[in-house]
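Right, one structure below, let's go through it.
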Amino acid sequence: MSPLILSPKNEKTKSDRYYLWEMNMIEVIKQKFPVLMEPALLAEMERYCTTKSIDAGQNFIEIGDEVVQMPLLLSGSLKVVREDNEGNELLLYYLNGGDTCASTLSCCMDRAKSEVRATVIEKVTSIMVPIRCMEEWMAKYSSWRSFIMLSYRIRFEELLHTIDSIAFKKMDERLEQYLIQLSEEKKTTLLSGTHQEIADDLHTSREVISRLLKQMEKLGKIKLSRNKIEIIHLM
């Protein structure tokens with residue numbers, strides 16, 4: 001089979017070019033993804049990749065989207081969820097700067113449509129890797145291959161953690177764990193959001209979440225106010 005021949009991506013926007021020039025893509029990659037250190041790989045990433053920025057509250061990837069690029073997050077955070085046939089969501093994991101999405105990787109490999117939704121929690125900026133590059137780099141660069149395999153392993157462990165939580169933990173334990181994780185992701189003890197949003201993430205009812213939050217407030221673990229939860233003391 002003849003090798004895949006790449007050509008520069010011509011559809012970069014003016015804002016993309018300005019962003020790459022401002023950020024110095026190679027230096028950013030070295031900082032955020034230190035495993036990707038092969039000079040030839042970095043040169044190709046600078047040549048063929050684009051950037052993408054999306055504000056909080058918007059969907060980075062929607063269920064059913066055709067996945068033609070793989071994101072490497074530089075900054076911000078994403079919430080990745082699955083949805084059942086009735087529209088109920090289940091939180092799978094969060095992604096932050098330095099991460100990539102295993103579900104997106106899988107879709108890229110299989111030329112499949114996305115089976116997850118990734119919603120922006122804090123404004124996200126990411127490097128977007130075209131599928132054609134991703135596949136060729138797997139064969140050409142050991143650091144890229146190691147990065148992809150490590151990313152799969154990390155996301156797989158997070159999915160196992162989610163399954164264990166659903167299967168073996170009571171809802172009050174899952175709620176505490178959820179709040180701790182969300183606090184760590186957002187780097188704040190004052191969390192915004194409705195009880196319904198938490199219920200959606202944990203695949204339960206708003207009434208259950210409201211009751212458990214009130215119990216936690218009585219125990220001095222949190223303080224509730226309108227659409228806000230202040231973490232006082234969670235283990």
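Residues in the structure tokens are numbered from 1 in each chain, the chains being A, B, ... in the order shown, and ligands are numbered from 1 in the order shown.
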
Could you write out, as JSON, numbers by chain, all the residues of segment 42-107 of chain A that DSSP marks as strand (DSSP E)? {"A": [50, 51, 52, 53, 54, 59, 60, 61, 69, 70, 71, 72, 73, 74, 75, 76, 77, 78, 79, 80, 81, 82, 83, 89, 90, 91, 92, 93, 94, 95, 96]}

Selection export as a PDB file, in the first residue's frame, atoms kept: N, CA and C atoms:
```pdb
ATOM      1  N   THR A  50      -5.260  22.694  13.227  1.00  0.00           N
ATOM      2  CA  THR A  50      -5.899  23.989  13.442  1.00  0.00           C
ATOM      3  C   THR A  50      -6.223  24.130  14.924  1.00  0.00           C
ATOM      4  N   THR A  51      -6.794  25.263  15.293  1.00  0.00           N
ATOM      5  CA  THR A  51      -7.268  25.438  16.671  1.00  0.00           C
ATOM      6  C   THR A  51      -8.763  25.712  16.670  1.00  0.00           C
ATOM      7  N   LYS A  52      -9.363  25.489  17.818  1.00  0.00           N
ATOM      8  CA  LYS A  52     -10.800  25.681  17.953  1.00  0.00           C
ATOM      9  C   LYS A  52     -11.082  26.195  19.355  1.00  0.00           C
ATOM     10  N   SER A  53     -11.866  27.252  19.463  1.00  0.00           N
ATOM     11  CA  SER A  53     -12.253  27.804  20.760  1.00  0.00           C
ATOM     12  C   SER A  53     -13.772  27.869  20.844  1.00  0.00           C
ATOM     13  N   ILE A  54     -14.323  27.410  21.968  1.00  0.00           N
ATOM     14  CA  ILE A  54     -15.776  27.409  22.169  1.00  0.00           C
ATOM     15  C   ILE A  54     -16.065  27.908  23.583  1.00  0.00           C
ATOM     16  N   ASN A  59     -21.961  23.136  23.048  1.00  0.00           N
ATOM     17  CA  ASN A  59     -21.521  21.755  22.844  1.00  0.00           C
ATOM     18  C   ASN A  59     -20.295  21.729  21.941  1.00  0.00           C
ATOM     19  N   PHE A  60     -19.257  21.086  22.415  1.00  0.00           N
ATOM     20  CA  PHE A  60     -18.038  20.902  21.629  1.00  0.00           C
ATOM     21  C   PHE A  60     -18.241  19.784  20.614  1.00  0.00           C
ATOM     22  N   ILE A  61     -18.886  18.715  21.058  1.00  0.00           N
ATOM     23  CA  ILE A  61     -19.241  17.589  20.196  1.00  0.00           C
ATOM     24  C   ILE A  61     -20.666  17.181  20.556  1.00  0.00           C
ATOM     25  N   GLN A  69     -12.009  15.211  13.204  1.00  0.00           N
ATOM     26  CA  GLN A  69     -10.818  15.729  13.855  1.00  0.00           C
ATOM     27  C   GLN A  69     -10.780  15.257  15.305  1.00  0.00           C
ATOM     28  N   MET A  70      -9.585  15.120  15.835  1.00  0.00           N
ATOM     29  CA  MET A  70      -9.399  14.730  17.227  1.00  0.00           C
ATOM     30  C   MET A  70      -8.922  15.946  18.022  1.00  0.00           C
ATOM     31  N   PRO A  71      -9.596  16.273  19.149  1.00  0.00           N
ATOM     32  CA  PRO A  71      -9.186  17.450  19.912  1.00  0.00           C
ATOM     33  C   PRO A  71      -8.087  17.141  20.929  1.00  0.00           C
ATOM     34  N   LEU A  72      -7.129  18.056  21.030  1.00  0.00           N
ATOM     35  CA  LEU A  72      -6.147  18.051  22.110  1.00  0.00           C
ATOM     36  C   LEU A  72      -6.392  19.323  22.903  1.00  0.00           C
ATOM     37  N   LEU A  73      -6.934  19.204  24.107  1.00  0.00           N
ATOM     38  CA  LEU A  73      -7.339  20.377  24.861  1.00  0.00           C
ATOM     39  C   LEU A  73      -6.132  21.137  25.411  1.00  0.00           C
ATOM     40  N   LEU A  74      -6.104  22.430  25.129  1.00  0.00           N
ATOM     41  CA  LEU A  74      -5.068  23.300  25.668  1.00  0.00           C
ATOM     42  C   LEU A  74      -5.509  23.940  26.975  1.00  0.00           C
ATOM     43  N   SER A  75      -6.777  24.344  27.033  1.00  0.00           N
ATOM     44  CA  SER A  75      -7.304  25.000  28.233  1.00  0.00           C
ATOM     45  C   SER A  75      -8.802  24.801  28.307  1.00  0.00           C
ATOM     46  N   GLY A  76      -9.361  25.094  29.493  1.00  0.00           N
ATOM     47  CA  GLY A  76     -10.789  24.940  29.695  1.00  0.00           C
ATOM     48  C   GLY A  76     -11.157  23.542  30.159  1.00  0.00           C
ATOM     49  N   SER A  77     -12.457  23.252  30.215  1.00  0.00           N
ATOM     50  CA  SER A  77     -12.913  21.933  30.647  1.00  0.00           C
ATOM     51  C   SER A  77     -14.189  21.539  29.917  1.00  0.00           C
ATOM     52  N   LEU A  78     -14.341  20.239  29.702  1.00  0.00           N
ATOM     53  CA  LEU A  78     -15.503  19.653  29.036  1.00  0.00           C
ATOM     54  C   LEU A  78     -16.138  18.600  29.927  1.00  0.00           C
ATOM     55  N   LYS A  79     -17.445  18.477  29.821  1.00  0.00           N
ATOM     56  CA  LYS A  79     -18.187  17.394  30.471  1.00  0.00           C
ATOM     57  C   LYS A  79     -18.674  16.453  29.385  1.00  0.00           C
ATOM     58  N   VAL A  80     -18.291  15.178  29.481  1.00  0.00           N
ATOM     59  CA  VAL A  80     -18.647  14.194  28.464  1.00  0.00           C
ATOM     60  C   VAL A  80     -19.748  13.292  29.010  1.00  0.00           C
ATOM     61  N   VAL A  81     -20.870  13.191  28.284  1.00  0.00           N
ATOM     62  CA  VAL A  81     -22.018  12.423  28.753  1.00  0.00           C
ATOM     63  C   VAL A  81     -22.525  11.490  27.666  1.00  0.00           C
ATOM     64  N   ARG A  82     -23.223  10.442  28.115  1.00  0.00           N
ATOM     65  CA  ARG A  82     -23.983   9.557  27.235  1.00  0.00           C
ATOM     66  C   ARG A  82     -25.455   9.869  27.434  1.00  0.00           C
ATOM     67  N   GLU A  83     -26.275   9.517  26.446  1.00  0.00           N
ATOM     68  CA  GLU A  83     -27.706   9.778  26.523  1.00  0.00           C
ATOM     69  C   GLU A  83     -28.472   8.520  26.157  1.00  0.00           C
ATOM     70  N   GLU A  89     -29.351  11.827  30.548  1.00  0.00           N
ATOM     71  CA  GLU A  89     -27.902  11.845  30.418  1.00  0.00           C
ATOM     72  C   GLU A  89     -27.220  11.126  31.575  1.00  0.00           C
ATOM     73  N   LEU A  90     -26.035  10.614  31.300  1.00  0.00           N
ATOM     74  CA  LEU A  90     -25.189  10.010  32.325  1.00  0.00           C
ATOM     75  C   LEU A  90     -23.777  10.560  32.153  1.00  0.00           C
ATOM     76  N   LEU A  91     -23.255  11.179  33.207  1.00  0.00           N
ATOM     77  CA  LEU A  91     -21.906  11.732  33.168  1.00  0.00           C
ATOM     78  C   LEU A  91     -20.876  10.612  33.072  1.00  0.00           C
ATOM     79  N   LEU A  92     -19.967  10.720  32.099  1.00  0.00           N
ATOM     80  CA  LEU A  92     -18.899   9.743  31.936  1.00  0.00           C
ATOM     81  C   LEU A  92     -17.602  10.223  32.560  1.00  0.00           C
ATOM     82  N   TYR A  93     -17.143  11.421  32.179  1.00  0.00           N
ATOM     83  CA  TYR A  93     -15.909  11.966  32.725  1.00  0.00           C
ATOM     84  C   TYR A  93     -15.777  13.431  32.309  1.00  0.00           C
ATOM     85  N   TYR A  94     -14.791  14.101  32.914  1.00  0.00           N
ATOM     86  CA  TYR A  94     -14.446  15.470  32.546  1.00  0.00           C
ATOM     87  C   TYR A  94     -13.119  15.465  31.791  1.00  0.00           C
ATOM     88  N   LEU A  95     -12.920  16.476  30.962  1.00  0.00           N
ATOM     89  CA  LEU A  95     -11.659  16.665  30.258  1.00  0.00           C
ATOM     90  C   LEU A  95     -11.142  18.072  30.526  1.00  0.00           C
ATOM     91  N   ASN A  96      -9.817  18.185  30.701  1.00  0.00           N
ATOM     92  CA  ASN A  96      -9.187  19.470  30.964  1.00  0.00           C
ATOM     93  C   ASN A  96      -8.003  19.661  30.031  1.00  0.00           C
TER      94      ASN A  96
END
```

Fewer than 6 positions away in the same chain doesn't count, so skip those; otherwise give me all residues within 6 Å of segment 205-215 of chain A, counting only C-alpha atoms, as a ChimeraX atom specification. /A:195-196,199

Save the residues we just selected, C-alpha atoms, as a compact mmCIF listing (two decimals), in the first residue's frame?
```
# COMPACT_ATOMS: atom_id res chain seq x y z
CA HIS A 195 -30.37 20.54 41.23
CA GLN A 196 -31.84 19.29 37.95
CA ALA A 199 -29.65 14.97 38.75
```

Distance in Å - atom CA of Glu86 of chain A versus atom CA of Ile163 of chain A: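 Separation of atom CA of Glu86 of chain A and atom CA of Ile163 of chain A: 20.1 Å.
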
Write out as a CSV table (one decimal) with N, CA and C atoms, in the first residue's frame all residues of segment 26-200 of chain A that DSSP puts in alpha helix (DSSP H) for this structure's backbone.
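Resulting contents of out-v2.csv:
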```
chain,number,residue,atom,x,y,z
A,26,ILE,N,4.2,24.9,18.7
A,26,ILE,CA,5.1,23.9,19.1
A,26,ILE,C,5.4,24.0,20.6
A,27,GLU,N,5.6,25.3,21.1
A,27,GLU,CA,5.9,25.5,22.5
A,27,GLU,C,4.7,25.1,23.4
A,28,VAL,N,3.5,25.4,22.9
A,28,VAL,CA,2.3,25.0,23.6
A,28,VAL,C,2.2,23.5,23.7
A,29,ILE,N,2.4,22.8,22.6
A,29,ILE,CA,2.4,21.4,22.6
A,29,ILE,C,3.4,20.8,23.6
A,30,LYS,N,4.6,21.3,23.6
A,30,LYS,CA,5.6,20.8,24.5
A,30,LYS,C,5.2,21.0,26.0
A,31,GLN,N,4.5,22.1,26.2
A,31,GLN,CA,4.1,22.4,27.6
A,31,GLN,C,2.9,21.5,28.0
A,32,LYS,N,1.9,21.4,27.2
A,32,LYS,CA,0.7,20.7,27.5
A,32,LYS,C,0.7,19.2,27.3
A,39,PRO,N,10.8,16.1,17.0
A,39,PRO,CA,10.8,17.3,16.2
A,39,PRO,C,10.0,17.2,14.9
A,40,ALA,N,10.1,16.1,14.3
A,40,ALA,CA,9.4,15.9,13.0
A,40,ALA,C,7.8,15.9,13.2
A,41,LEU,N,7.4,15.3,14.3
A,41,LEU,CA,6.0,15.2,14.7
A,41,LEU,C,5.5,16.6,15.0
A,42,LEU,N,6.3,17.4,15.8
A,42,LEU,CA,5.9,18.7,16.2
A,42,LEU,C,5.8,19.6,14.9
A,43,ALA,N,6.7,19.4,14.0
A,43,ALA,CA,6.6,20.2,12.8
A,43,ALA,C,5.4,19.9,12.0
A,44,GLU,N,5.0,18.6,11.9
A,44,GLU,CA,3.8,18.3,11.2
A,44,GLU,C,2.5,18.8,11.9
A,45,MET,N,2.5,18.7,13.2
A,45,MET,CA,1.4,19.3,14.0
A,45,MET,C,1.2,20.7,13.7
A,46,GLU,N,2.3,21.5,13.7
A,46,GLU,CA,2.2,22.9,13.4
A,46,GLU,C,1.7,23.2,12.0
A,47,ARG,N,2.1,22.3,11.1
A,47,ARG,CA,1.7,22.5,9.7
A,47,ARG,C,0.2,22.1,9.4
A,48,TYR,N,-0.3,21.0,10.0
A,48,TYR,CA,-1.5,20.5,9.5
A,48,TYR,C,-2.7,20.7,10.5
A,102,ALA,N,-11.3,9.9,24.6
A,102,ALA,CA,-11.2,8.5,24.1
A,102,ALA,C,-12.3,8.2,23.1
A,103,SER,N,-13.5,8.7,23.4
A,103,SER,CA,-14.6,8.4,22.5
A,103,SER,C,-14.4,9.0,21.2
A,104,THR,N,-13.8,10.2,21.1
A,104,THR,CA,-13.5,10.8,19.8
A,104,THR,C,-12.4,10.0,19.1
A,105,LEU,N,-11.4,9.6,19.9
A,105,LEU,CA,-10.4,8.7,19.3
A,105,LEU,C,-11.0,7.5,18.6
A,106,SER,N,-11.9,6.8,19.3
A,106,SER,CA,-12.5,5.6,18.7
A,106,SER,C,-13.3,6.0,17.5
A,107,CYS,N,-14.0,7.1,17.5
A,107,CYS,CA,-14.8,7.5,16.3
A,107,CYS,C,-13.9,7.8,15.1
A,108,CYS,N,-12.8,8.4,15.4
A,108,CYS,CA,-11.8,8.7,14.3
A,108,CYS,C,-11.3,7.4,13.7
A,109,MET,N,-11.0,6.5,14.5
A,109,MET,CA,-10.4,5.2,14.1
A,109,MET,C,-11.4,4.5,13.2
A,110,ASP,N,-12.7,4.5,13.6
A,110,ASP,CA,-13.7,3.7,12.9
A,110,ASP,C,-14.5,4.5,11.9
A,131,ILE,N,-8.1,13.5,10.9
A,131,ILE,CA,-8.0,12.0,11.0
A,131,ILE,C,-6.8,11.5,10.2
A,132,ARG,N,-6.6,12.1,9.0
A,132,ARG,CA,-5.6,11.5,8.1
A,132,ARG,C,-4.2,11.6,8.7
A,133,CYS,N,-4.0,12.7,9.5
A,133,CYS,CA,-2.8,12.9,10.2
A,133,CYS,C,-2.6,11.9,11.4
A,134,MET,N,-3.7,11.8,12.1
A,134,MET,CA,-3.7,10.9,13.3
A,134,MET,C,-3.3,9.5,12.9
A,135,GLU,N,-3.9,9.0,11.8
A,135,GLU,CA,-3.6,7.6,11.4
A,135,GLU,C,-2.2,7.4,11.0
A,136,GLU,N,-1.7,8.4,10.2
A,136,GLU,CA,-0.3,8.3,9.7
A,136,GLU,C,0.7,8.4,10.8
A,137,TRP,N,0.4,9.3,11.8
A,137,TRP,CA,1.4,9.5,12.9
A,137,TRP,C,1.5,8.2,13.8
A,138,MET,N,0.4,7.4,13.8
A,138,MET,CA,0.4,6.2,14.6
A,138,MET,C,1.5,5.3,14.1
A,139,ALA,N,1.8,5.3,12.8
A,139,ALA,CA,2.8,4.4,12.2
A,139,ALA,C,4.2,5.1,12.2
A,140,LYS,N,4.2,6.4,12.2
A,140,LYS,CA,5.5,7.1,12.0
A,140,LYS,C,6.2,7.5,13.3
A,142,SER,N,6.6,7.2,17.5
A,142,SER,CA,6.4,6.4,18.7
A,142,SER,C,5.8,7.2,19.8
A,143,SER,N,6.2,8.5,19.9
A,143,SER,CA,5.6,9.3,21.0
A,143,SER,C,4.1,9.5,20.8
A,144,TRP,N,3.7,9.7,19.5
A,144,TRP,CA,2.3,9.9,19.2
A,144,TRP,C,1.5,8.6,19.6
A,145,ARG,N,2.1,7.4,19.2
A,145,ARG,CA,1.5,6.1,19.5
A,145,ARG,C,1.3,5.9,21.0
A,146,SER,N,2.3,6.3,21.7
A,146,SER,CA,2.3,6.1,23.2
A,146,SER,C,1.3,7.1,23.8
A,147,PHE,N,1.2,8.3,23.3
A,147,PHE,CA,0.2,9.2,23.8
A,147,PHE,C,-1.2,8.7,23.6
A,148,ILE,N,-1.5,8.2,22.4
A,148,ILE,CA,-2.8,7.7,22.1
A,148,ILE,C,-3.2,6.5,23.0
A,149,MET,N,-2.3,5.6,23.2
A,149,MET,CA,-2.5,4.4,24.1
A,149,MET,C,-2.7,4.9,25.5
A,150,LEU,N,-1.9,5.8,26.0
A,150,LEU,CA,-2.1,6.3,27.3
A,150,LEU,C,-3.4,7.0,27.5
A,151,SER,N,-3.8,7.7,26.5
A,151,SER,CA,-5.1,8.4,26.6
A,151,SER,C,-6.3,7.4,26.7
A,152,TYR,N,-6.2,6.4,25.9
A,152,TYR,CA,-7.2,5.3,26.0
A,152,TYR,C,-7.2,4.7,27.4
A,153,ARG,N,-6.1,4.4,28.0
A,153,ARG,CA,-6.0,3.8,29.3
A,153,ARG,C,-6.6,4.7,30.4
A,154,ILE,N,-6.3,6.0,30.3
A,154,ILE,CA,-6.8,6.9,31.3
A,154,ILE,C,-8.3,7.0,31.3
A,155,ARG,N,-8.8,7.2,30.0
A,155,ARG,CA,-10.3,7.3,29.9
A,155,ARG,C,-11.0,6.0,30.3
A,156,PHE,N,-10.4,4.9,30.0
A,156,PHE,CA,-10.9,3.6,30.3
A,156,PHE,C,-11.0,3.4,31.8
A,157,GLU,N,-10.0,3.8,32.5
A,157,GLU,CA,-10.0,3.8,34.0
A,157,GLU,C,-11.1,4.7,34.6
A,158,GLU,N,-11.3,5.9,34.0
A,158,GLU,CA,-12.3,6.8,34.4
A,158,GLU,C,-13.7,6.1,34.2
A,159,LEU,N,-13.9,5.5,33.1
A,159,LEU,CA,-15.1,4.8,32.8
A,159,LEU,C,-15.4,3.7,33.8
A,160,LEU,N,-14.4,2.9,34.1
A,160,LEU,CA,-14.5,1.9,35.2
A,160,LEU,C,-14.9,2.5,36.5
A,161,HIS,N,-14.3,3.6,36.8
A,161,HIS,CA,-14.6,4.3,38.0
A,161,HIS,C,-16.1,4.7,38.0
A,162,THR,N,-16.6,5.2,36.9
A,162,THR,CA,-18.0,5.6,36.8
A,162,THR,C,-18.9,4.4,37.0
A,163,ILE,N,-18.6,3.3,36.3
A,163,ILE,CA,-19.4,2.0,36.5
A,163,ILE,C,-19.4,1.5,37.9
A,164,ASP,N,-18.2,1.6,38.6
A,164,ASP,CA,-18.1,1.1,40.0
A,164,ASP,C,-19.0,2.0,40.8
A,165,SER,N,-19.0,3.3,40.6
A,165,SER,CA,-19.8,4.2,41.4
A,165,SER,C,-21.3,3.9,41.2
A,166,ILE,N,-21.7,3.7,40.0
A,166,ILE,CA,-23.1,3.4,39.8
A,166,ILE,C,-23.5,2.0,40.4
A,167,ALA,N,-22.6,1.0,40.3
A,167,ALA,CA,-23.0,-0.3,40.7
A,167,ALA,C,-22.8,-0.5,42.2
A,168,PHE,N,-21.9,0.1,42.8
A,168,PHE,CA,-21.5,-0.2,44.2
A,168,PHE,C,-21.7,0.9,45.3
A,171,MET,N,-26.4,6.7,46.5
A,171,MET,CA,-26.5,7.9,45.8
A,171,MET,C,-25.9,9.1,46.6
A,172,ASP,N,-26.0,9.0,47.9
A,172,ASP,CA,-25.3,10.1,48.7
A,172,ASP,C,-23.8,10.1,48.6
A,173,GLU,N,-23.2,8.9,48.4
A,173,GLU,CA,-21.8,8.8,48.2
A,173,GLU,C,-21.4,9.3,46.8
A,174,ARG,N,-22.3,8.9,45.8
A,174,ARG,CA,-22.0,9.4,44.5
A,174,ARG,C,-22.1,10.9,44.4
A,175,LEU,N,-23.1,11.5,45.1
A,175,LEU,CA,-23.3,12.9,45.1
A,175,LEU,C,-22.1,13.6,45.7
A,176,GLU,N,-21.6,13.1,46.8
A,176,GLU,CA,-20.4,13.7,47.4
A,176,GLU,C,-19.2,13.7,46.5
A,177,GLN,N,-19.0,12.5,45.9
A,177,GLN,CA,-17.9,12.3,45.0
A,177,GLN,C,-18.0,13.2,43.8
A,178,TYR,N,-19.3,13.4,43.3
A,178,TYR,CA,-19.5,14.3,42.2
A,178,TYR,C,-19.2,15.7,42.5
A,179,LEU,N,-19.6,16.2,43.7
A,179,LEU,CA,-19.3,17.6,44.1
A,179,LEU,C,-17.8,17.8,44.3
A,180,ILE,N,-17.1,16.8,44.8
A,180,ILE,CA,-15.7,16.9,45.0
A,180,ILE,C,-15.0,17.0,43.7
A,181,GLN,N,-15.4,16.1,42.7
A,181,GLN,CA,-14.7,16.1,41.4
A,181,GLN,C,-15.0,17.4,40.7
A,182,LEU,N,-16.2,17.9,40.8
A,182,LEU,CA,-16.6,19.2,40.1
A,182,LEU,C,-15.8,20.3,40.7
A,183,SER,N,-15.7,20.3,42.0
A,183,SER,CA,-14.9,21.4,42.6
A,183,SER,C,-13.4,21.4,42.2
A,184,GLU,N,-12.9,20.2,42.0
A,184,GLU,CA,-11.5,20.0,41.6
A,184,GLU,C,-11.3,20.5,40.1
A,185,GLU,N,-12.3,20.1,39.3
A,185,GLU,CA,-12.3,20.5,37.9
A,185,GLU,C,-12.3,22.0,37.7
A,186,LYS,N,-13.2,22.6,38.5
A,186,LYS,CA,-13.4,24.1,38.3
A,186,LYS,C,-12.5,24.9,39.2
A,195,HIS,N,-30.2,21.9,40.7
A,195,HIS,CA,-30.4,20.5,41.2
A,195,HIS,C,-30.7,19.6,40.1
A,196,GLN,N,-31.5,20.1,39.1
A,196,GLN,CA,-31.8,19.3,37.9
A,196,GLN,C,-30.6,18.9,37.1
A,197,GLU,N,-29.7,19.9,37.0
A,197,GLU,CA,-28.5,19.6,36.2
A,197,GLU,C,-27.6,18.5,36.9
A,198,ILE,N,-27.6,18.6,38.2
A,198,ILE,CA,-26.8,17.5,39.0
A,198,ILE,C,-27.6,16.2,38.8
A,199,ALA,N,-28.9,16.2,38.9
A,199,ALA,CA,-29.6,15.0,38.7
A,199,ALA,C,-29.4,14.4,37.4
A,200,ASP,N,-29.4,15.2,36.3
A,200,ASP,CA,-29.1,14.7,35.0
A,200,ASP,C,-27.8,14.0,34.9
```

Quick one: pull the distance between atom CA of Asp55 of chain A and atom CA of Arg111 of chain A, Å, one decimal.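 That distance, rounded to one decimal, is 26.9 Å.
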
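By only C-alpha atoms, and with residues fewer than 5 positions from Ile232 of chain A along its chain excluded, the set lying at most 12 Å from it is Glu176, Leu179, Ile180, Ser183, Thr188, Thr189, Leu190, Leu191, Met216, Glu217, Lys218, Leu219, Gly220, Lys221, Ile222, Lys223 and Leu224 of chain A.
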
Just the number, please: distance in Å from atom CA of Ile231 of chain A to atom CA of Lys123 of chain A, one decimal. 23.0 Å

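Comparing the minimum interatomic distances between Ile63 of chain A and each of A:Leu234, A:Cys49, A:Ile127, A:Val116, counting only C-alpha atoms, we find that A:Val116 sits nearest.
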